[in-house]
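S.K.: What follows is a single structure, and I will ask about it in a moment.
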Amino acid sequence: MKYVVLVESKSIEVDVDGEHVRVDGQSHRATLTPLAGTPLRQLLIDGRPLTLAVQRLNRGFWVLGPGGERWELEVLDERAHHIRSLAGSSEQHRAAGVLKAPMPGLVVRVQAEPGQQVQSGTPLVVLEAMKMENELKAPAAATIRQIRVAAGQAVEKGQVLVEFESGSG
């Protein structure tokens with residue numbers, strides 16, 4: 001199974017096939033075993049042990065604590081990463097002054113309103129597609145002119161969801 005692990009500003013590709021793990025192109029033999037009654041896991045990688053404190057924050061988000069450190073990370077499977085990449089491609093949205101649906105889906109939440117000033121990365125609309133929620137964000141700093149969808153509405157790929165004021169973004 002292929003995953004993308006996002007740690008700080010890094011994206012790490014991980015391919016897991018039983019005990020064979022490929023991390024950013026390098027092969028390793030690895031096992032992860034829970035230590036009964038604790039939040040700890042024993043990671044054995046290429047014969048070297050490492051004890052990790054592991055805490056699940058919510059779906060896909062984890063905190064790992066190797067040796068007293070704290071790493072917050074997000075783990076996406078191959079499909080979720082692909083959907084995220086579609087939702088995150090903002091060049092066409094910025095150029096057109098609109099935010100379009102990157103795939104067909106159902107609007108779960110609208111998190112903005114007309115007249116609102118938003119910054120790049122501000123969550124605007126949550127779209128459910130293939131049983132996953134995808135947060136669509138402002139591609140650039142702008143003022144929202146019009147919200148063209150509502151919660152519960154089905155949308156098609158390419159449908160305009162949000163319009164921005166001309167000259168902003």
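Numbering starts fresh at 1 for the residues of each chain in the structure tokens, the chains themselves are lettered A, B, ... in the order given, and ligands are numbered from 1 as they appear.
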Out of chain A, which residues get alpha helix (DSSP H) from DSSP, as a PyMOL selection string?
M.R.: chain A and resi 78-88+91-96
S.K.: Using only N, CA, C and O atoms, please write the residues we just selected to a file, as a PDB file, in the first residue's frame.
M.R.:
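Output (result.pdb):
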```pdb
ATOM      1  N   GLU A  78      -2.676   6.607  -1.137  1.00  0.00           N
ATOM      2  CA  GLU A  78      -2.442   7.058  -2.507  1.00  0.00           C
ATOM      3  C   GLU A  78      -3.653   7.804  -3.071  1.00  0.00           C
ATOM      4  O   GLU A  78      -3.528   8.849  -3.709  1.00  0.00           O
ATOM      5  N   ARG A  79      -4.851   7.278  -2.827  1.00  0.00           N
ATOM      6  CA  ARG A  79      -6.079   7.894  -3.356  1.00  0.00           C
ATOM      7  C   ARG A  79      -6.329   9.253  -2.720  1.00  0.00           C
ATOM      8  O   ARG A  79      -6.625  10.233  -3.404  1.00  0.00           O
ATOM      9  N   ALA A  80      -6.193   9.339  -1.400  1.00  0.00           N
ATOM     10  CA  ALA A  80      -6.413  10.613  -0.702  1.00  0.00           C
ATOM     11  C   ALA A  80      -5.406  11.663  -1.157  1.00  0.00           C
ATOM     12  O   ALA A  80      -5.749  12.833  -1.319  1.00  0.00           O
ATOM     13  N   HIS A  81      -4.167  11.251  -1.376  1.00  0.00           N
ATOM     14  CA  HIS A  81      -3.142  12.184  -1.834  1.00  0.00           C
ATOM     15  C   HIS A  81      -3.478  12.701  -3.229  1.00  0.00           C
ATOM     16  O   HIS A  81      -3.326  13.890  -3.516  1.00  0.00           O
ATOM     17  N   HIS A  82      -3.969  11.826  -4.090  1.00  0.00           N
ATOM     18  CA  HIS A  82      -4.354  12.239  -5.439  1.00  0.00           C
ATOM     19  C   HIS A  82      -5.500  13.249  -5.377  1.00  0.00           C
ATOM     20  O   HIS A  82      -5.465  14.283  -6.045  1.00  0.00           O
ATOM     21  N   ILE A  83      -6.505  12.963  -4.566  1.00  0.00           N
ATOM     22  CA  ILE A  83      -7.636  13.881  -4.423  1.00  0.00           C
ATOM     23  C   ILE A  83      -7.155  15.217  -3.879  1.00  0.00           C
ATOM     24  O   ILE A  83      -7.544  16.281  -4.361  1.00  0.00           O
ATOM     25  N   ARG A  84      -6.278  15.184  -2.890  1.00  0.00           N
ATOM     26  CA  ARG A  84      -5.739  16.415  -2.312  1.00  0.00           C
ATOM     27  C   ARG A  84      -4.991  17.217  -3.368  1.00  0.00           C
ATOM     28  O   ARG A  84      -5.093  18.425  -3.428  1.00  0.00           O
ATOM     29  N   SER A  85      -4.233  16.512  -4.230  1.00  0.00           N
ATOM     30  CA  SER A  85      -3.488  17.233  -5.267  1.00  0.00           C
ATOM     31  C   SER A  85      -4.438  17.897  -6.254  1.00  0.00           C
ATOM     32  O   SER A  85      -4.173  18.994  -6.739  1.00  0.00           O
ATOM     33  N   LEU A  86      -5.564  17.247  -6.540  1.00  0.00           N
ATOM     34  CA  LEU A  86      -6.556  17.861  -7.427  1.00  0.00           C
ATOM     35  C   LEU A  86      -7.176  19.084  -6.762  1.00  0.00           C
ATOM     36  O   LEU A  86      -7.342  20.128  -7.380  1.00  0.00           O
ATOM     37  N   ALA A  87      -7.514  18.940  -5.496  1.00  0.00           N
ATOM     38  CA  ALA A  87      -8.154  20.044  -4.764  1.00  0.00           C
ATOM     39  C   ALA A  87      -7.183  21.193  -4.542  1.00  0.00           C
ATOM     40  O   ALA A  87      -7.595  22.343  -4.465  1.00  0.00           O
ATOM     41  N   GLY A  88      -5.897  20.896  -4.498  1.00  0.00           N
ATOM     42  CA  GLY A  88      -4.912  21.924  -4.192  1.00  0.00           C
ATOM     43  C   GLY A  88      -4.380  22.661  -5.395  1.00  0.00           C
ATOM     44  O   GLY A  88      -3.671  23.638  -5.260  1.00  0.00           O
ATOM     45  N   GLU A  91      -3.686  27.237  -9.632  1.00  0.00           N
ATOM     46  CA  GLU A  91      -3.292  28.198 -10.654  1.00  0.00           C
ATOM     47  C   GLU A  91      -4.455  28.600 -11.538  1.00  0.00           C
ATOM     48  O   GLU A  91      -4.665  29.766 -11.809  1.00  0.00           O
ATOM     49  N   GLN A  92      -5.263  27.628 -11.992  1.00  0.00           N
ATOM     50  CA  GLN A  92      -6.378  27.978 -12.856  1.00  0.00           C
ATOM     51  C   GLN A  92      -7.431  28.764 -12.092  1.00  0.00           C
ATOM     52  O   GLN A  92      -8.066  29.653 -12.633  1.00  0.00           O
ATOM     53  N   HIS A  93      -7.603  28.461 -10.811  1.00  0.00           N
ATOM     54  CA  HIS A  93      -8.581  29.183 -10.006  1.00  0.00           C
ATOM     55  C   HIS A  93      -8.142  30.629  -9.816  1.00  0.00           C
ATOM     56  O   HIS A  93      -8.937  31.551  -9.909  1.00  0.00           O
ATOM     57  N   ARG A  94      -6.889  30.829  -9.537  1.00  0.00           N
ATOM     58  CA  ARG A  94      -6.363  32.173  -9.293  1.00  0.00           C
ATOM     59  C   ARG A  94      -6.524  33.020 -10.546  1.00  0.00           C
ATOM     60  O   ARG A  94      -6.958  34.142 -10.504  1.00  0.00           O
ATOM     61  N   ALA A  95      -6.201  32.438 -11.688  1.00  0.00           N
ATOM     62  CA  ALA A  95      -6.264  33.178 -12.944  1.00  0.00           C
ATOM     63  C   ALA A  95      -7.696  33.575 -13.271  1.00  0.00           C
ATOM     64  O   ALA A  95      -7.943  34.644 -13.800  1.00  0.00           O
ATOM     65  N   ALA A  96      -8.650  32.715 -12.979  1.00  0.00           N
ATOM     66  CA  ALA A  96     -10.027  32.967 -13.362  1.00  0.00           C
ATOM     67  C   ALA A  96     -10.793  33.773 -12.314  1.00  0.00           C
ATOM     68  O   ALA A  96     -11.911  34.184 -12.570  1.00  0.00           O
TER      69      ALA A  96
END
```
S.K.: Would you kindly return, as a list in words, each protein, DNA or RNA residue with an atom no farther than 12 Å from any atom of Lys10 (chain A), considering only C-alpha atoms and excluding same-chain residues fewer than 4 positions away?
M.R.: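 Result of the neighbour search: Val4, Val5, Leu6, Asp24, Trp71, Glu72, Leu73, Glu74 and Val75 of chain A.
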S.K.: May I have the residues from that selection written out with N, CA, C and O atoms, as a PDB file, in the first residue's frame?
M.R.:
```pdb
ATOM      1  N   VAL A   4       1.573   8.761   1.480  1.00  0.00           N
ATOM      2  CA  VAL A   4       2.388   9.969   1.519  1.00  0.00           C
ATOM      3  C   VAL A   4       2.271  10.483   2.949  1.00  0.00           C
ATOM      4  O   VAL A   4       1.171  10.651   3.475  1.00  0.00           O
ATOM      5  N   VAL A   5       3.425  10.676   3.590  1.00  0.00           N
ATOM      6  CA  VAL A   5       3.468  11.158   4.965  1.00  0.00           C
ATOM      7  C   VAL A   5       3.948  12.604   4.929  1.00  0.00           C
ATOM      8  O   VAL A   5       5.007  12.902   4.367  1.00  0.00           O
ATOM      9  N   LEU A   6       3.146  13.498   5.498  1.00  0.00           N
ATOM     10  CA  LEU A   6       3.485  14.917   5.534  1.00  0.00           C
ATOM     11  C   LEU A   6       3.980  15.254   6.928  1.00  0.00           C
ATOM     12  O   LEU A   6       3.240  15.140   7.903  1.00  0.00           O
ATOM     13  N   ASP A  24      10.892   6.910   0.434  1.00  0.00           N
ATOM     14  CA  ASP A  24      11.549   7.801  -0.529  1.00  0.00           C
ATOM     15  C   ASP A  24      12.567   7.058  -1.393  1.00  0.00           C
ATOM     16  O   ASP A  24      13.691   7.502  -1.585  1.00  0.00           O
ATOM     17  N   TRP A  71       6.712  14.719  16.850  1.00  0.00           N
ATOM     18  CA  TRP A  71       6.493  14.980  15.432  1.00  0.00           C
ATOM     19  C   TRP A  71       5.014  14.844  15.137  1.00  0.00           C
ATOM     20  O   TRP A  71       4.411  13.808  15.401  1.00  0.00           O
ATOM     21  N   GLU A  72       4.408  15.897  14.595  1.00  0.00           N
ATOM     22  CA  GLU A  72       3.029  15.809  14.139  1.00  0.00           C
ATOM     23  C   GLU A  72       3.072  15.495  12.662  1.00  0.00           C
ATOM     24  O   GLU A  72       3.839  16.093  11.916  1.00  0.00           O
ATOM     25  N   LEU A  73       2.259  14.522  12.246  1.00  0.00           N
ATOM     26  CA  LEU A  73       2.270  14.156  10.850  1.00  0.00           C
ATOM     27  C   LEU A  73       0.883  13.790  10.364  1.00  0.00           C
ATOM     28  O   LEU A  73      -0.011  13.496  11.148  1.00  0.00           O
ATOM     29  N   GLU A  74       0.734  13.862   9.059  1.00  0.00           N
ATOM     30  CA  GLU A  74      -0.497  13.442   8.407  1.00  0.00           C
ATOM     31  C   GLU A  74      -0.128  12.322   7.454  1.00  0.00           C
ATOM     32  O   GLU A  74       0.870  12.404   6.738  1.00  0.00           O
ATOM     33  N   VAL A  75      -0.936  11.270   7.447  1.00  0.00           N
ATOM     34  CA  VAL A  75      -0.700  10.127   6.580  1.00  0.00           C
ATOM     35  C   VAL A  75      -1.865  10.025   5.594  1.00  0.00           C
ATOM     36  O   VAL A  75      -3.020   9.933   6.007  1.00  0.00           O
TER      37      VAL A  75
END
```
S.K.: Env of Leu43 (chain A): 9 Å cut, atoms = only C-alpha atoms, seq-sep filter 4 positions within chain, self excluded. Answer as a list of chain:residue names.
M.R.: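 Listed by chain and then number, they are A:Ala30, A:Thr31, A:Leu32, A:Thr33, A:Pro34, A:Arg48, A:Pro49, A:Leu50, A:Thr51, A:Leu52.
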S.K.: Looking at only C-alpha atoms, which of A:Met132, A:Val14, A:Ile45, A:Leu64 is the one that sits closest to Pro104 (chain A)?
M.R.: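 Looking only at the distances to Pro104 (chain A), the closest residue turns out to be A:Met132.
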S.K.: Could you list, as an NGL selection string, every residue within 12 Å of region 136-138 of chain A, counting only C-alpha atoms and ignoring same-chain residues fewer than 2 positions away?
M.R.: :A and (83-91 or 93-94 or 97-103 or 107-112 or 116-129 or 133-134 or 140-144 or 161-164 or 168-169)
S.K.: Please, which residues of chain A, numbered as in this document, come out strand (DSSP E or B) from DSSP, as a PyMOL selection string?
M.R.: chain A and resi 2-7+10-17+20-23+26-34+40-45+48-58+61-66+71-77+98-100+105-110+117-118+123-129+132-137+142-147+154-155+160-164
S.K.: Could those selected residues go to a file with C-alpha atoms, as a short mmCIF file (atom, residue, chain, number, x, y, z; two decimals), in the first residue's frame?
M.R.:
```cif
data_model
loop_
_atom_site.label_atom_id
_atom_site.label_comp_id
_atom_site.auth_asym_id
_atom_site.auth_seq_id
_atom_site.Cartn_x
_atom_site.Cartn_y
_atom_site.Cartn_z
CA LYS A 2 1.36 3.41 -0.94
CA TYR A 3 1.20 6.39 1.40
CA VAL A 4 2.39 9.97 1.52
CA VAL A 5 3.47 11.16 4.96
CA LEU A 6 3.49 14.92 5.53
CA VAL A 7 5.89 15.99 8.30
CA LYS A 10 8.27 17.60 3.91
CA SER A 11 6.37 15.04 1.89
CA ILE A 12 7.67 11.47 2.24
CA GLU A 13 6.56 8.63 -0.02
CA VAL A 14 6.14 5.29 1.76
CA ASP A 15 5.26 1.98 0.11
CA VAL A 16 4.41 -0.85 2.53
CA ASP A 17 4.35 -4.48 1.38
CA HIS A 20 9.20 -4.66 3.10
CA VAL A 21 9.01 -0.88 3.25
CA ARG A 22 10.26 1.61 0.68
CA VAL A 23 10.76 5.13 2.07
CA GLN A 26 15.12 3.34 -0.15
CA SER A 27 14.16 -0.23 0.79
CA HIS A 28 14.01 -1.39 4.40
CA ARG A 29 12.75 -4.34 6.37
CA ALA A 30 10.45 -3.09 9.12
CA THR A 31 7.91 -4.21 11.70
CA LEU A 32 5.83 -2.12 14.08
CA THR A 33 4.62 -3.89 17.22
CA PRO A 34 2.40 -2.40 19.96
CA LEU A 40 4.23 2.84 22.76
CA ARG A 41 5.19 0.93 19.61
CA GLN A 42 8.41 -0.92 18.92
CA LEU A 43 9.68 -0.15 15.42
CA LEU A 44 12.29 -2.59 14.19
CA ILE A 45 13.85 -1.18 11.04
CA ARG A 48 17.58 -1.62 14.71
CA PRO A 49 14.95 -1.05 17.40
CA LEU A 50 13.26 2.27 18.04
CA THR A 51 10.55 2.86 20.64
CA LEU A 52 7.91 5.39 19.62
CA ALA A 53 5.11 7.02 21.55
CA VAL A 54 2.19 7.00 19.10
CA GLN A 55 -1.01 8.99 19.46
CA ARG A 56 -3.78 9.20 16.89
CA LEU A 57 -5.25 12.71 16.82
CA ASN A 58 -7.98 12.03 14.27
CA PHE A 61 -3.33 12.74 11.80
CA TRP A 62 -0.81 11.33 14.24
CA VAL A 63 1.77 12.42 16.81
CA LEU A 64 4.97 10.37 17.08
CA GLY A 65 7.41 10.74 19.92
CA PRO A 66 10.77 9.11 19.28
CA TRP A 71 6.49 14.98 15.43
CA GLU A 72 3.03 15.81 14.14
CA LEU A 73 2.27 14.16 10.85
CA GLU A 74 -0.50 13.44 8.41
CA VAL A 75 -0.70 10.13 6.58
CA LEU A 76 -2.54 9.98 3.26
CA ASP A 77 -3.10 6.87 1.22
CA VAL A 98 -13.01 31.65 -9.06
CA LEU A 99 -12.72 28.46 -7.05
CA LYS A 100 -13.98 25.47 -9.02
CA GLY A 105 -19.08 15.66 -5.04
CA LEU A 106 -21.39 16.91 -2.32
CA VAL A 107 -20.90 20.21 -0.52
CA VAL A 108 -20.64 19.39 3.19
CA ARG A 109 -19.92 22.89 4.55
CA VAL A 110 -19.44 26.42 3.31
CA GLN A 117 -11.56 38.98 3.08
CA VAL A 118 -9.56 35.75 2.98
CA PRO A 123 -10.71 27.09 4.13
CA LEU A 124 -13.74 28.00 2.02
CA VAL A 125 -15.75 24.90 1.10
CA VAL A 126 -15.67 21.28 2.28
CA LEU A 127 -16.52 18.89 -0.56
CA GLU A 128 -17.18 15.18 -0.03
CA ALA A 129 -16.00 13.00 -2.90
CA MET A 132 -13.63 11.57 1.77
CA GLU A 133 -13.94 15.18 2.89
CA ASN A 134 -11.75 17.61 0.95
CA GLU A 135 -11.20 21.12 2.25
CA LEU A 136 -10.96 23.57 -0.64
CA LYS A 137 -8.95 26.65 0.25
CA ALA A 142 -8.92 37.96 -1.99
CA THR A 143 -12.37 39.27 -1.17
CA ILE A 144 -15.26 36.89 -1.77
CA ARG A 145 -17.81 38.29 -4.20
CA GLN A 146 -20.26 35.40 -4.29
CA ILE A 147 -20.72 31.89 -2.87
CA ALA A 154 -24.25 18.17 -5.41
CA VAL A 155 -21.65 19.71 -7.72
CA VAL A 160 -17.79 27.38 -9.91
CA LEU A 161 -18.14 27.29 -6.12
CA VAL A 162 -16.80 30.72 -5.10
CA GLU A 163 -16.23 33.94 -7.04
CA PHE A 164 -13.64 36.49 -5.93
#
```
